[in-house]
Each structure stands twice: as C-alpha cells, then as structure tokens.
>>> print(open('model-v7.pdb').read())   # PDB, C-alpha atoms and all ligand atoms
ATOM      1  CA  MET A   4    -104.768 -64.692  42.426
ATOM      2  CA  TYR A   5    -103.918 -63.254  45.852
ATOM      3  CA  GLN A   6    -101.526 -60.389  46.488
ATOM      4  CA  THR A   7    -100.518 -61.418  49.979
ATOM      5  CA  LEU A   8    -101.399 -65.098  50.287
ATOM      6  CA  LEU A   9    -100.021 -68.300  48.840
ATOM      7  CA  THR A  10    -102.587 -71.067  48.606
ATOM      8  CA  SER A  11    -102.434 -74.742  47.751
ATOM      9  CA  LEU A  12    -104.845 -77.645  47.792
ATOM     10  CA  GLU A  13    -103.595 -81.143  48.513
ATOM     11  CA  ASN A  14    -105.598 -84.143  49.726
ATOM     12  CA  ASN A  15    -108.628 -81.902  50.342
ATOM     13  CA  ILE A  16    -106.579 -79.695  52.698
ATOM     14  CA  PHE A  17    -106.360 -76.049  51.632
ATOM     15  CA  THR A  18    -103.241 -74.332  52.950
ATOM     16  CA  ILE A  19    -103.196 -70.552  53.217
ATOM     17  CA  THR A  20     -99.756 -69.032  53.765
ATOM     18  CA  ILE A  21     -99.693 -65.363  54.682
ATOM     19  CA  ASN A  22     -96.883 -64.115  52.517
ATOM     20  CA  ARG A  23     -95.260 -60.861  53.648
ATOM     21  CA  PRO A  24     -92.145 -62.367  55.245
ATOM     22  CA  ASP A  25     -90.137 -59.122  55.024
ATOM     23  CA  LYS A  26     -92.784 -57.531  57.311
ATOM     24  CA  LEU A  27     -93.128 -60.681  59.422
ATOM     25  CA  ASN A  28     -96.498 -61.289  57.712
ATOM     26  CA  ALA A  29     -98.117 -58.280  59.413
ATOM     27  CA  LEU A  30    -101.819 -57.975  58.654
ATOM     28  CA  ASN A  31    -102.404 -54.977  56.420
ATOM     29  CA  LYS A  32    -105.569 -54.127  54.468
ATOM     30  CA  ASP A  33    -104.481 -56.296  51.541
ATOM     31  CA  VAL A  34    -104.044 -59.353  53.771
ATOM     32  CA  PHE A  35    -107.498 -58.842  55.271
ATOM     33  CA  ASN A  36    -109.065 -58.429  51.828
ATOM     34  CA  ASP A  37    -107.277 -61.524  50.586
ATOM     35  CA  LEU A  38    -108.304 -63.551  53.654
ATOM     36  CA  ASN A  39    -111.901 -62.507  53.105
ATOM     37  CA  ARG A  40    -111.734 -63.636  49.489
ATOM     38  CA  ALA A  41    -110.075 -66.911  50.482
ATOM     39  CA  LEU A  42    -112.947 -67.563  52.911
ATOM     40  CA  ASP A  43    -115.372 -66.943  50.020
ATOM     41  CA  GLU A  44    -113.493 -69.593  48.083
ATOM     42  CA  ILE A  45    -113.391 -72.195  50.868
ATOM     43  CA  GLU A  46    -117.037 -72.509  51.827
ATOM     44  CA  PRO A  47    -118.567 -73.548  48.460
ATOM     45  CA  ASP A  48    -115.631 -75.654  47.214
ATOM     46  CA  ALA A  49    -116.401 -79.331  47.804
ATOM     47  CA  ALA A  50    -112.761 -80.237  47.146
ATOM     48  CA  ILE A  51    -111.769 -78.273  50.271
ATOM     49  CA  LYS A  52    -112.555 -80.227  53.418
ATOM     50  CA  SER A  53    -110.318 -78.370  55.847
ATOM     51  CA  VAL A  54    -107.852 -75.516  56.033
ATOM     52  CA  ILE A  55    -104.438 -74.680  57.480
ATOM     53  CA  ILE A  56    -103.374 -71.077  58.037
ATOM     54  CA  THR A  57     -99.648 -70.466  58.423
ATOM     55  CA  GLY A  58     -97.029 -67.771  57.796
ATOM     56  CA  ALA A  59     -94.256 -67.493  55.200
ATOM     57  CA  GLY A  60     -90.606 -67.447  56.174
ATOM     58  CA  PRO A  61     -88.685 -68.799  59.139
ATOM     59  CA  LYS A  62     -89.520 -66.158  61.760
ATOM     60  CA  ALA A  63     -93.185 -65.388  61.986
ATOM     61  CA  PHE A  64     -96.692 -66.722  61.776
ATOM     62  CA  VAL A  65     -97.992 -63.138  61.901
ATOM     63  CA  ALA A  66     -96.295 -60.381  63.968
ATOM     64  CA  GLY A  67     -99.518 -58.421  64.351
ATOM     65  CA  ALA A  68    -101.639 -55.887  62.595
ATOM     66  CA  ASP A  69     -99.539 -53.700  60.312
ATOM     67  CA  ILE A  70     -98.579 -50.901  62.684
ATOM     68  CA  SER A  71     -97.754 -48.555  59.786
ATOM     69  CA  GLU A  72    -101.483 -48.424  58.956
ATOM     70  CA  PHE A  73    -102.333 -47.103  62.457
ATOM     71  CA  ASN A  74    -100.693 -43.752  61.857
ATOM     72  CA  GLY A  75    -103.154 -40.850  61.697
ATOM     73  CA  LEU A  76    -106.319 -42.909  62.162
ATOM     74  CA  ASN A  77    -109.098 -41.220  64.119
ATOM     75  CA  LYS A  78    -111.399 -42.994  66.561
ATOM     76  CA  GLU A  79    -114.090 -43.795  63.979
ATOM     77  CA  GLN A  80    -111.570 -45.119  61.476
ATOM     78  CA  ALA A  81    -109.933 -47.241  64.172
ATOM     79  CA  MET A  82    -113.306 -48.658  65.182
ATOM     80  CA  ALA A  83    -114.077 -49.515  61.561
ATOM     81  CA  MET A  84    -110.690 -51.224  61.293
ATOM     82  CA  ALA A  85    -111.353 -53.318  64.410
ATOM     83  CA  LYS A  86    -114.857 -54.196  63.184
ATOM     84  CA  LYS A  87    -113.560 -55.363  59.814
ATOM     85  CA  GLY A  88    -110.861 -57.504  61.428
ATOM     86  CA  GLN A  89    -113.332 -58.949  63.922
ATOM     87  CA  ASP A  90    -115.811 -59.780  61.160
ATOM     88  CA  ILE A  91    -113.200 -61.648  59.143
ATOM     89  CA  PHE A  92    -111.923 -63.531  62.195
ATOM     90  CA  ALA A  93    -115.532 -64.413  63.099
ATOM     91  CA  ARG A  94    -115.888 -65.908  59.615
ATOM     92  CA  ILE A  95    -112.876 -68.110  60.392
ATOM     93  CA  GLU A  96    -114.254 -69.106  63.803
ATOM     94  CA  ASN A  97    -117.676 -69.912  62.352
ATOM     95  CA  SER A  98    -116.427 -71.674  59.230
ATOM     96  CA  SER A  99    -118.245 -74.976  58.794
ATOM     97  CA  LYS A 100    -114.921 -76.483  57.675
ATOM     98  CA  PRO A 101    -112.140 -76.979  60.236
ATOM     99  CA  ILE A 102    -109.473 -74.267  60.159
ATOM    100  CA  VAL A 103    -106.227 -74.911  62.027
ATOM    101  CA  ALA A 104    -103.451 -72.427  62.720
ATOM    102  CA  ALA A 105     -99.955 -73.818  62.155
ATOM    103  CA  VAL A 106     -97.989 -71.273  64.158
ATOM    104  CA  ASN A 107     -94.422 -71.150  62.841
ATOM    105  CA  GLY A 108     -92.870 -68.273  64.801
ATOM    106  CA  PHE A 109     -94.118 -64.971  66.222
ATOM    107  CA  ALA A 110     -97.891 -64.861  66.741
ATOM    108  CA  LEU A 111     -98.232 -61.408  68.256
ATOM    109  CA  GLY A 112    -101.149 -59.022  68.486
ATOM    110  CA  GLY A 113    -103.359 -59.626  65.443
ATOM    111  CA  GLY A 114    -101.311 -62.754  64.743
ATOM    112  CA  CYS A 115    -102.208 -64.254  68.106
ATOM    113  CA  GLU A 116    -105.797 -63.136  67.490
ATOM    114  CA  LEU A 117    -105.829 -64.817  64.078
ATOM    115  CA  ALA A 118    -104.475 -68.049  65.578
ATOM    116  CA  MET A 119    -107.107 -67.888  68.336
ATOM    117  CA  ALA A 120    -109.922 -67.422  65.800
ATOM    118  CA  CYS A 121    -108.922 -70.754  64.225
ATOM    119  CA  HIS A 122    -110.567 -73.895  65.595
ATOM    120  CA  PHE A 123    -107.348 -75.052  67.196
ATOM    121  CA  ARG A 124    -103.628 -74.379  67.050
ATOM    122  CA  ILE A 125    -100.414 -76.341  66.516
ATOM    123  CA  ALA A 126     -97.096 -74.612  67.137
ATOM    124  CA  SER A 127     -93.502 -75.138  66.152
ATOM    125  CA  ASP A 128     -90.999 -75.009  68.989
ATOM    126  CA  ASN A 129     -89.847 -71.510  67.934
ATOM    127  CA  ALA A 130     -93.363 -70.039  68.199
ATOM    128  CA  LYS A 131     -93.988 -67.082  70.512
ATOM    129  CA  PHE A 132     -97.403 -65.813  71.505
ATOM    130  CA  GLY A 133     -98.421 -62.487  72.975
ATOM    131  CA  GLN A 134    -100.680 -59.467  72.877
ATOM    132  CA  PRO A 135     -98.174 -56.589  72.996
ATOM    133  CA  GLU A 136    -100.690 -53.838  72.176
ATOM    134  CA  VAL A 137    -100.214 -52.028  75.493
ATOM    135  CA  ASN A 138     -96.669 -51.263  74.323
ATOM    136  CA  LEU A 139     -98.330 -49.111  71.653
ATOM    137  CA  GLY A 140    -100.914 -47.533  73.942
ATOM    138  CA  LEU A 141    -103.547 -49.871  72.542
ATOM    139  CA  ILE A 142    -105.617 -52.888  73.403
ATOM    140  CA  PRO A 143    -106.259 -55.817  71.058
ATOM    141  CA  GLY A 144    -108.979 -55.026  68.527
ATOM    142  CA  TYR A 145    -109.561 -58.264  66.631
ATOM    143  CA  GLY A 146    -111.197 -60.283  69.404
ATOM    144  CA  GLY A 147    -108.051 -60.928  71.447
ATOM    145  CA  THR A 148    -109.421 -59.730  74.783
ATOM    146  CA  GLN A 149    -112.310 -62.169  74.445
ATOM    147  CA  ARG A 150    -110.702 -65.244  72.932
ATOM    148  CA  LEU A 151    -107.577 -65.172  75.122
ATOM    149  CA  VAL A 152    -109.795 -65.282  78.222
ATOM    150  CA  GLN A 153    -111.868 -68.080  76.663
ATOM    151  CA  LEU A 154    -108.810 -70.154  75.814
ATOM    152  CA  ILE A 155    -106.463 -69.744  78.792
ATOM    153  CA  GLY A 156    -108.666 -68.334  81.565
ATOM    154  CA  LYS A 157    -109.037 -64.853  82.959
ATOM    155  CA  GLY A 158    -106.077 -64.653  85.331
ATOM    156  CA  LYS A 159    -103.320 -65.585  82.885
ATOM    157  CA  ALA A 160    -105.042 -63.689  80.051
ATOM    158  CA  MET A 161    -105.204 -60.539  82.179
ATOM    159  CA  GLU A 162    -101.497 -60.843  82.959
ATOM    160  CA  LEU A 163    -100.522 -61.286  79.298
ATOM    161  CA  LEU A 164    -102.827 -58.500  78.084
ATOM    162  CA  MET A 165    -101.663 -55.989  80.680
ATOM    163  CA  SER A 166     -97.952 -56.836  80.663
ATOM    164  CA  ALA A 167     -97.464 -57.436  76.902
ATOM    165  CA  GLY A 168     -95.671 -60.601  78.040
ATOM    166  CA  MET A 169     -94.672 -63.196  75.474
ATOM    167  CA  ILE A 170     -94.927 -66.933  76.030
ATOM    168  CA  ASP A 171     -93.160 -69.698  74.167
ATOM    169  CA  ALA A 172     -94.743 -72.720  72.512
ATOM    170  CA  ASN A 173     -94.361 -75.024  75.509
ATOM    171  CA  GLU A 174     -96.003 -72.559  77.892
ATOM    172  CA  ALA A 175     -98.752 -72.013  75.311
ATOM    173  CA  LYS A 176     -99.308 -75.765  75.319
ATOM    174  CA  GLN A 177     -99.415 -75.922  79.121
ATOM    175  CA  LEU A 178    -102.036 -73.168  79.053
ATOM    176  CA  GLY A 179    -104.156 -74.942  76.439
ATOM    177  CA  LEU A 180    -103.543 -72.295  73.810
ATOM    178  CA  VAL A 181    -101.973 -74.851  71.467
ATOM    179  CA  ASN A 182    -102.668 -78.556  71.162
ATOM    180  CA  TYR A 183     -99.243 -79.773  69.991
ATOM    181  CA  VAL A 184     -95.679 -78.493  69.783
ATOM    182  CA  THR A 185     -93.506 -79.839  66.962
ATOM    183  CA  THR A 186     -90.245 -78.959  65.274
ATOM    184  CA  ASP A 187     -90.560 -76.371  62.525
ATOM    185  CA  GLY A 188     -90.008 -79.093  59.911
ATOM    186  CA  GLU A 189     -92.793 -81.263  61.279
ATOM    187  CA  LEU A 190     -95.365 -78.500  61.804
ATOM    188  CA  LEU A 191     -97.357 -78.728  58.576
ATOM    189  CA  GLY A 192     -97.087 -82.523  58.557
ATOM    190  CA  GLN A 193     -98.612 -82.680  62.031
ATOM    191  CA  ALA A 194    -101.428 -80.317  61.023
ATOM    192  CA  LYS A 195    -102.102 -82.405  57.914
ATOM    193  CA  LYS A 196    -102.045 -85.642  59.922
ATOM    194  CA  ILE A 197    -104.798 -84.404  62.237
ATOM    195  CA  LEU A 198    -106.834 -82.870  59.420
ATOM    196  CA  THR A 199    -106.610 -86.101  57.403
ATOM    197  CA  ILE A 200    -108.289 -87.879  60.323
ATOM    198  CA  ILE A 201    -110.950 -85.169  60.595
ATOM    199  CA  ASN A 202    -111.474 -85.196  56.818
ATOM    200  CA  SER A 203    -112.369 -88.893  56.988
ATOM    201  CA  LYS A 204    -115.315 -88.147  59.307
ATOM    202  CA  ALA A 205    -118.830 -87.076  58.334
ATOM    203  CA  PRO A 206    -118.480 -83.429  57.199
ATOM    204  CA  LEU A 207    -121.918 -82.321  58.377
ATOM    205  CA  ALA A 208    -121.273 -83.842  61.793
ATOM    206  CA  VAL A 209    -117.887 -82.098  61.946
ATOM    207  CA  ALA A 210    -119.623 -78.825  61.046
ATOM    208  CA  GLY A 211    -122.166 -79.520  63.804
ATOM    209  CA  CYS A 212    -119.347 -79.954  66.336
ATOM    210  CA  ILE A 213    -117.898 -76.555  65.357
ATOM    211  CA  LYS A 214    -121.268 -74.825  65.548
ATOM    212  CA  THR A 215    -122.293 -76.270  68.896
ATOM    213  CA  ALA A 216    -118.885 -75.849  70.561
ATOM    214  CA  ASN A 217    -118.819 -72.206  69.424
ATOM    215  CA  ALA A 218    -122.256 -71.720  70.997
ATOM    216  CA  VAL A 219    -120.671 -72.033  74.450
ATOM    217  CA  PHE A 220    -119.303 -68.528  73.896
ATOM    218  CA  ASP A 221    -122.379 -67.018  72.225
ATOM    219  CA  GLU A 222    -124.780 -65.566  74.765
ATOM    220  CA  SER A 223    -127.536 -65.267  72.165
ATOM    221  CA  VAL A 224    -127.672 -69.044  71.737
ATOM    222  CA  ASN A 225    -128.608 -71.799  74.198
ATOM    223  CA  GLY A 226    -125.926 -74.368  73.427
ATOM    224  CA  TYR A 227    -127.875 -77.297  74.862
ATOM    225  CA  ASP A 228    -130.933 -76.454  72.751
ATOM    226  CA  LEU A 229    -128.718 -76.055  69.706
ATOM    227  CA  GLU A 230    -127.126 -79.428  70.448
ATOM    228  CA  ILE A 231    -130.548 -81.100  70.506
ATOM    229  CA  LYS A 232    -131.427 -79.482  67.170
ATOM    230  CA  GLU A 233    -128.109 -80.372  65.518
ATOM    231  CA  PHE A 234    -128.217 -83.927  66.928
ATOM    232  CA  GLY A 235    -131.703 -84.389  65.510
ATOM    233  CA  GLY A 236    -130.641 -82.877  62.198
ATOM    234  CA  CYS A 237    -127.938 -85.537  61.847
ATOM    235  CA  PHE A 238    -130.693 -88.174  61.629
ATOM    236  CA  ASP A 239    -131.845 -86.562  58.379
ATOM    237  CA  THR A 240    -128.436 -87.019  56.738
ATOM    238  CA  ASP A 241    -127.219 -89.802  54.462
ATOM    239  CA  ASP A 242    -123.969 -89.763  56.398
ATOM    240  CA  MET A 243    -125.640 -90.691  59.691
ATOM    241  CA  LYS A 244    -127.402 -93.611  57.987
ATOM    242  CA  GLU A 245    -124.113 -94.651  56.378
ATOM    243  CA  GLY A 246    -122.143 -94.275  59.615
ATOM    244  CA  VAL A 247    -124.563 -96.336  61.693
ATOM    245  CA  SER A 248    -125.007 -99.005  58.973
ATOM    246  CA  ALA A 249    -121.255 -99.280  58.502
ATOM    247  CA  PHE A 250    -120.763 -99.789  62.232
ATOM    248  CA  LEU A 251    -123.470-102.476  62.398
ATOM    249  CA  GLU A 252    -122.124-104.171  59.254
ATOM    250  CA  LYS A 253    -118.567-104.018  60.638
ATOM    251  CA  ARG A 254    -117.196-102.067  57.662
ATOM    252  CA  LYS A 255    -115.594 -98.669  57.169
ATOM    253  CA  ALA A 256    -118.048 -95.846  56.516
ATOM    254  CA  THR A 257    -117.806 -93.812  53.326
ATOM    255  CA  PHE A 258    -119.267 -90.375  53.874
ATOM    256  CA  SER A 259    -120.726 -88.260  51.085
ATOM    257  CA  GLY A 260    -121.205 -85.035  53.047
ATOM    258  CA  LYS A 261    -124.951 -85.229  52.502
TER     259      LYS A 261
HETATM  260  N1  LIG A 301     -96.432 -54.093  61.661
HETATM  261  C1  LIG A 301     -95.666 -53.587  60.687
HETATM  262  N2  LIG A 301     -94.416 -54.006  60.441
HETATM  263  C2  LIG A 301     -93.916 -54.950  61.232
HETATM  264  C3  LIG A 301     -94.647 -55.515  62.280
HETATM  265  C4  LIG A 301     -95.973 -55.057  62.478
HETATM  266  N3  LIG A 301     -96.757 -55.568  63.438
HETATM  267  N4  LIG A 301     -93.876 -56.441  62.902
HETATM  268  C5  LIG A 301     -92.705 -56.440  62.255
HETATM  269  N5  LIG A 301     -92.711 -55.548  61.246
HETATM  270  C6  LIG A 301     -91.640 -55.228  60.300
HETATM  271  C7  LIG A 301     -90.555 -54.389  60.937
HETATM  272  O1  LIG A 301     -90.915 -53.027  60.934
HETATM  273  C8  LIG A 301     -89.402 -54.702  60.008
HETATM  274  O2  LIG A 301     -89.562 -53.989  58.810
HETATM  275  P1  LIG A 301     -88.307 -53.195  58.127
HETATM  276  O3  LIG A 301     -87.309 -54.274  57.858
HETATM  277  O4  LIG A 301     -88.891 -52.602  56.897
HETATM  278  O5  LIG A 301     -87.836 -52.214  59.154
HETATM  279  C9  LIG A 301     -89.610 -56.165  59.676
HETATM  280  O6  LIG A 301     -90.984 -56.426  59.913
HETATM  281  C10 LIG A 301     -88.794 -57.109  60.532
HETATM  282  O7  LIG A 301     -89.087 -56.839  61.891
HETATM  283  P2  LIG A 301     -87.945 -56.523  62.997
HETATM  284  O8  LIG A 301     -88.584 -55.745  64.097
HETATM  285  O9  LIG A 301     -86.743 -55.955  62.355
HETATM  286  O10 LIG A 301     -87.616 -58.007  63.479
HETATM  287  P3  LIG A 301     -87.012 -58.429  64.895
HETATM  288  O11 LIG A 301     -86.651 -59.872  64.746
HETATM  289  O12 LIG A 301     -85.971 -57.484  65.344
HETATM  290  O13 LIG A 301     -88.244 -58.308  65.934
HETATM  291  C11 LIG A 301     -90.547 -58.589  66.638
HETATM  292  C12 LIG A 301     -89.362 -59.156  65.796
HETATM  293  C13 LIG A 301     -91.747 -59.457  66.323
HETATM  294  C14 LIG A 301     -90.194 -58.710  68.129
HETATM  295  C15 LIG A 301     -90.786 -57.119  66.259
HETATM  296  O14 LIG A 301     -90.878 -57.026  64.847
HETATM  297  C16 LIG A 301     -92.051 -56.525  66.856
HETATM  298  O15 LIG A 301     -92.064 -56.205  68.027
HETATM  299  N6  LIG A 301     -93.089 -56.364  66.013
HETATM  300  C17 LIG A 301     -94.314 -55.724  66.421
HETATM  301  C18 LIG A 301     -95.139 -56.673  67.259
HETATM  302  C19 LIG A 301     -96.408 -55.978  67.718
HETATM  303  O16 LIG A 301     -96.383 -55.031  68.491
HETATM  304  N7  LIG A 301     -97.534 -56.492  67.232
HETATM  305  C20 LIG A 301     -98.831 -56.003  67.626
HETATM  306  C21 LIG A 301     -99.306 -54.967  66.698
HETATM  307  S1  LIG A 301    -100.858 -54.315  67.230
END
>>> encode(input="model-v7.pdb", output="structure tokens")
Amino acid sequence: MYQTLLTSLENNIFTITINRPDKLNALNKDVFNDLNRALDEIEPDAAIKSVIITGAGPKAFVAGADISEFNGLNKEQAMAMAKKGQDIFARIENSSKPIVAAVNGFALGGGCELAMACHFRIASDNAKFGQPEVNLGLIPGYGGTQRLVQLIGKGKAMELLMSAGMIDANEAKQLGLVNYVTTDGELLGQAKKILTIINSKAPLAVAGCIKTANAVFDESVNGYDLEIKEFGGCFDTDDMKEGVSAFLEKRKATFSGK
C-alpha cells in the first residue's frame, strides 16, 4: 500500500516504519507523500488509538531530508519543499491521536524535525540527534528552528543549530528532548507500554490535552481560553460522565470515545 513505509496495527497502536534503510530512511518526496496518506488513514480509523513512528534497519531513525533532491532547486522550489514538509509535520503535531517517535539511531536534520513534530520521543541508546544543515549551507526547513528552541531552550538550540553538533540519547534526555532511553531491543516495547496506558484513557480528553498543550506555542490562540472551552466541552461527553461515575462507584471506567 505504501512505497516507503511499513505499517502495522496491534492493540490499537499503529506503527509506521520509514523503510529506506539503504538511504538511512532519508525523507524523499515519496516518504512525504506516504506519510501524508498514512495521516489520512489514522484520523478516521477508530481501531487506531495511537501511533508510533520509527525507522527501518539498525542505524537510523531518519538521517534527514534526502539531500539528492536538493540539487538544482531554485529558491521558490525550495520554499515549496519546506512548506510541504512543514504542513505534513504540523499534521503530526496537531493529530488528535498521540504520535510518539521511537528513535532508533540517527535522527538528523529532517529526522530530528520529524521526531520533534511527534508528541513526545523515546530513544534507543544508539540514537543521535542533530541539525547538521549548516554543513550544507542550509538551515532546517521543516520546523526545526522553532521546535528545537521550544523543546530544549534557546541557548542549547542555538549552539546545536549553528555548530551542526550531534548529541547522544542520554544528553537528549538531559535536555528534555526525549522522555526515556532504552536499549534498541526494548525501544518499541517501551513506546507500546506508554501508549497502552494512554489508550486506556478517555480519547477525547487525550485529544484535548494535545490541543491545549500545543496552544502554548500558537500565538493566534489564547491557551487559557482554549483550556476553559475544552474543559467545558468534556462535560458534554459520555466519557466524562463514565469517568466520574466510575470513580464514585469505585470501578474501572470504560471509555467509548464519545
Ligand atoms: N540524504 C540522502 N542520502 C542519505 C542521507 C540523506 N540525508 N543520509 C544518508 N544517506 C545515504 C548515503 O548517501 C549512503 O548512500 P549510498 O550507500 O548510496 O552512498 C547511505 O545513506 C548510507 O549513508 P553513509 O553516509 O554511507 O553512512 P555512514 O554511517 O557513513 O554515515 C551519517 C551516517 C548519518 C553520519 C551520514 O550518512 C550523514 O551525514 N548523512 C547526512 C545527514 C544530514 O546532513 N542530514 C540533514 C539533511 S538536510
């Protein structure tokens, strides 16, 4: 179904594996088109409650945008390329279903940007993060200058952006870029463990958490006002009635997502 992705659905967790291991899973046009189509598939499918994005092979999550596609582009074409990548990564960031990056090796350039567009990140101990675009006479184009500052703060982000420095998984964890570091073998299991917990919660409330937390970084939205609206909206859901009743009746809630 996809040229460049492997997908599987197990226990309501949809795993997307970017599958160009011989090119370290570099993001070419086909990968972007496939990711866009996968996002189309995720949103309406009730069997999918959450998503993992990872990379094929032992070396890389994603080693960046496919540099071979940069050759000969003019300014307008490059801007269109950045816009398309940003739009797809914004779809990931704004997905109402949790999307976690399981970073299993190099996450460089567009790969780091893809991981940062996900709601949070888990890394294997061989993961390496960086924005090496300045080595190519470039800056990041898929949101990296913005999200790296948001996630690790301006000072360290500036250093990494300007120096093309790479950090390992443990430093990424210290900086708050990743939530957990595991062995390579335990990476997907750890992601699934956390998503299984999240999947047991009220889906509309989970979606509300994503929307309101993202509002912190959206100047067009007042996050506190949005929180009031989303909080109020929860009171119109079956799941809120079920959650509160279950607590008062000392039983486990069963959420319908309505
Ligand atoms: N775009 C296109 N192809 C890429 C790529 C990218 N971003 N990253 C790796 N590849 C390709 C290599 O060209 C090579 O292909 P080949 O076997 O046909 O020559 C293959 O993937 C393996 O990469 P290689 O460089 O041989 O692996 P390595 O272990 O020696 O080095 C990296 C790994 C990640 C350090 C190195 O591949 C690299 O620096 N990649 C580019 C990272 C980058 O600048 N990303 C930002 C892009 S904006």
>>> resolve_selection(input="model-v7.pdb", expression="the PyMOL selection byres (((not hetatm)) within 10 of (chain A and resi 301))", output="PyMOL selection string")
chain A and resi 23-31+62-73+108-116+131-145+167+169
>>> closest_residue(input="model-v7.pdb", among="A:Ile155, A:Ile21, A:Val247, A:Ile95", to="Leu42 of chain A", atoms="only C-alpha atoms")
A:Ile95
>>> resolve_selection(input="model-v7.pdb", expression="the PyMOL selection byres (((chain A and resi 20) around 6) and not hetatm)", output="PDB file with C-alpha atoms, keeping the file's coordinate frame")
ATOM      1  CA  LEU A   8    -101.399 -65.098  50.287  1.00  0.00           C
ATOM      2  CA  LEU A   9    -100.021 -68.300  48.840  1.00  0.00           C
ATOM      3  CA  ILE A  19    -103.196 -70.552  53.217  1.00  0.00           C
ATOM      4  CA  ILE A  21     -99.693 -65.363  54.682  1.00  0.00           C
ATOM      5  CA  ASN A  22     -96.883 -64.115  52.517  1.00  0.00           C
ATOM      6  CA  ILE A  56    -103.374 -71.077  58.037  1.00  0.00           C
ATOM      7  CA  THR A  57     -99.648 -70.466  58.423  1.00  0.00           C
ATOM      8  CA  GLY A  58     -97.029 -67.771  57.796  1.00  0.00           C
ATOM      9  CA  ALA A  59     -94.256 -67.493  55.200  1.00  0.00           C
TER      10      ALA A  59
END
>>> atom_distance(input="model-v7.pdb", atom1="atom CA of Ile55 of chain A", atom2="atom CA of Ala194 of chain A")
7.3 Å
>>> atom_distance(input="model-v7.pdb", atom1="atom CA of Thr18 of chain A", atom2="atom CA of Val54 of chain A")
5.7 Å
>>> closest_residue(input="model-v7.pdb", among="A:Ile51, A:Leu251, A:Ala93, A:Gly88", to="Asp33 of chain A", atoms="only C-alpha atoms")
A:Gly88
>>> resolve_selection(input="model-v7.pdb", expression="the PyMOL selection byres (((chain A and resi 211) around 12) and not hetatm)", output="list in words")
Asn97, Ser98, Ser99, Lys100, Pro101, Lys204, Ala205, Pro206, Leu207, Ala208, Val209, Ala210, Cys212, Ile213, Lys214, Thr215, Ala216, Asn217, Ala218, Gly226, Leu229, Glu230, Ile231, Lys232, Glu233, Phe234, Gly235, Gly236 and Cys237 of chain A
>>> write_last_selection(input="model-v7.pdb", atoms="C-alpha atoms", output="short mmCIF file (atom, residue, chain, number, x, y, z; two decimals), in the frame of the given file")
data_model
loop_
_atom_site.label_atom_id
_atom_site.label_comp_id
_atom_site.auth_asym_id
_atom_site.auth_seq_id
_atom_site.Cartn_x
_atom_site.Cartn_y
_atom_site.Cartn_z
CA ASN A 97 -117.68 -69.91 62.35
CA SER A 98 -116.43 -71.67 59.23
CA SER A 99 -118.24 -74.98 58.79
CA LYS A 100 -114.92 -76.48 57.68
CA PRO A 101 -112.14 -76.98 60.24
CA LYS A 204 -115.32 -88.15 59.31
CA ALA A 205 -118.83 -87.08 58.33
CA PRO A 206 -118.48 -83.43 57.20
CA LEU A 207 -121.92 -82.32 58.38
CA ALA A 208 -121.27 -83.84 61.79
CA VAL A 209 -117.89 -82.10 61.95
CA ALA A 210 -119.62 -78.82 61.05
CA CYS A 212 -119.35 -79.95 66.34
CA ILE A 213 -117.90 -76.56 65.36
CA LYS A 214 -121.27 -74.82 65.55
CA THR A 215 -122.29 -76.27 68.90
CA ALA A 216 -118.88 -75.85 70.56
CA ASN A 217 -118.82 -72.21 69.42
CA ALA A 218 -122.26 -71.72 71.00
CA GLY A 226 -125.93 -74.37 73.43
CA LEU A 229 -128.72 -76.06 69.71
CA GLU A 230 -127.13 -79.43 70.45
CA ILE A 231 -130.55 -81.10 70.51
CA LYS A 232 -131.43 -79.48 67.17
CA GLU A 233 -128.11 -80.37 65.52
CA PHE A 234 -128.22 -83.93 66.93
CA GLY A 235 -131.70 -84.39 65.51
CA GLY A 236 -130.64 -82.88 62.20
CA CYS A 237 -127.94 -85.54 61.85
#
>>> atom_distance(input="model-v7.pdb", atom1="atom CA of Ser53 of chain A", atom2="atom CA of Phe17 of chain A")
6.2 Å
>>> residues_around(input="model-v7.pdb", residues="Glu245 of chain A", least_positions_apart="6", cutoff="12 Å", atoms="all atoms listed in the file", output="list in words")
Lys204, Ala205, Cys237, Phe238, Asp239, Leu251, Glu252, Lys253, Arg254, Lys255, Ala256, Thr257, Phe258, Ser259, Gly260 and Lys261 of chain A
>>> decode(input="model-v7.pdb", residues="segment 134-145 of chain A", atoms="C-alpha atoms", output="mmCIF file, in the first residue's frame")
data_model
loop_
_atom_site.group_PDB
_atom_site.id
_atom_site.type_symbol
_atom_site.label_atom_id
_atom_site.label_comp_id
_atom_site.auth_asym_id
_atom_site.auth_seq_id
_atom_site.Cartn_x
_atom_site.Cartn_y
_atom_site.Cartn_z
ATOM 1 C CA GLN A 134 20.506 19.606 12.899
ATOM 2 C CA PRO A 135 23.535 19.437 10.581
ATOM 3 C CA GLU A 136 22.080 21.684 7.860
ATOM 4 C CA VAL A 137 24.765 24.358 8.242
ATOM 5 C CA ASN A 138 27.233 21.764 6.933
ATOM 6 C CA LEU A 139 25.305 22.016 3.656
ATOM 7 C CA GLY A 140 24.972 25.797 3.661
ATOM 8 C CA LEU A 141 21.377 25.455 4.809
ATOM 9 C CA ILE A 142 19.142 25.932 7.793
ATOM 10 C CA PRO A 143 16.435 23.489 8.884
ATOM 11 C CA GLY A 144 13.274 23.871 6.813
ATOM 12 C CA TYR A 145 10.735 21.544 8.413
#
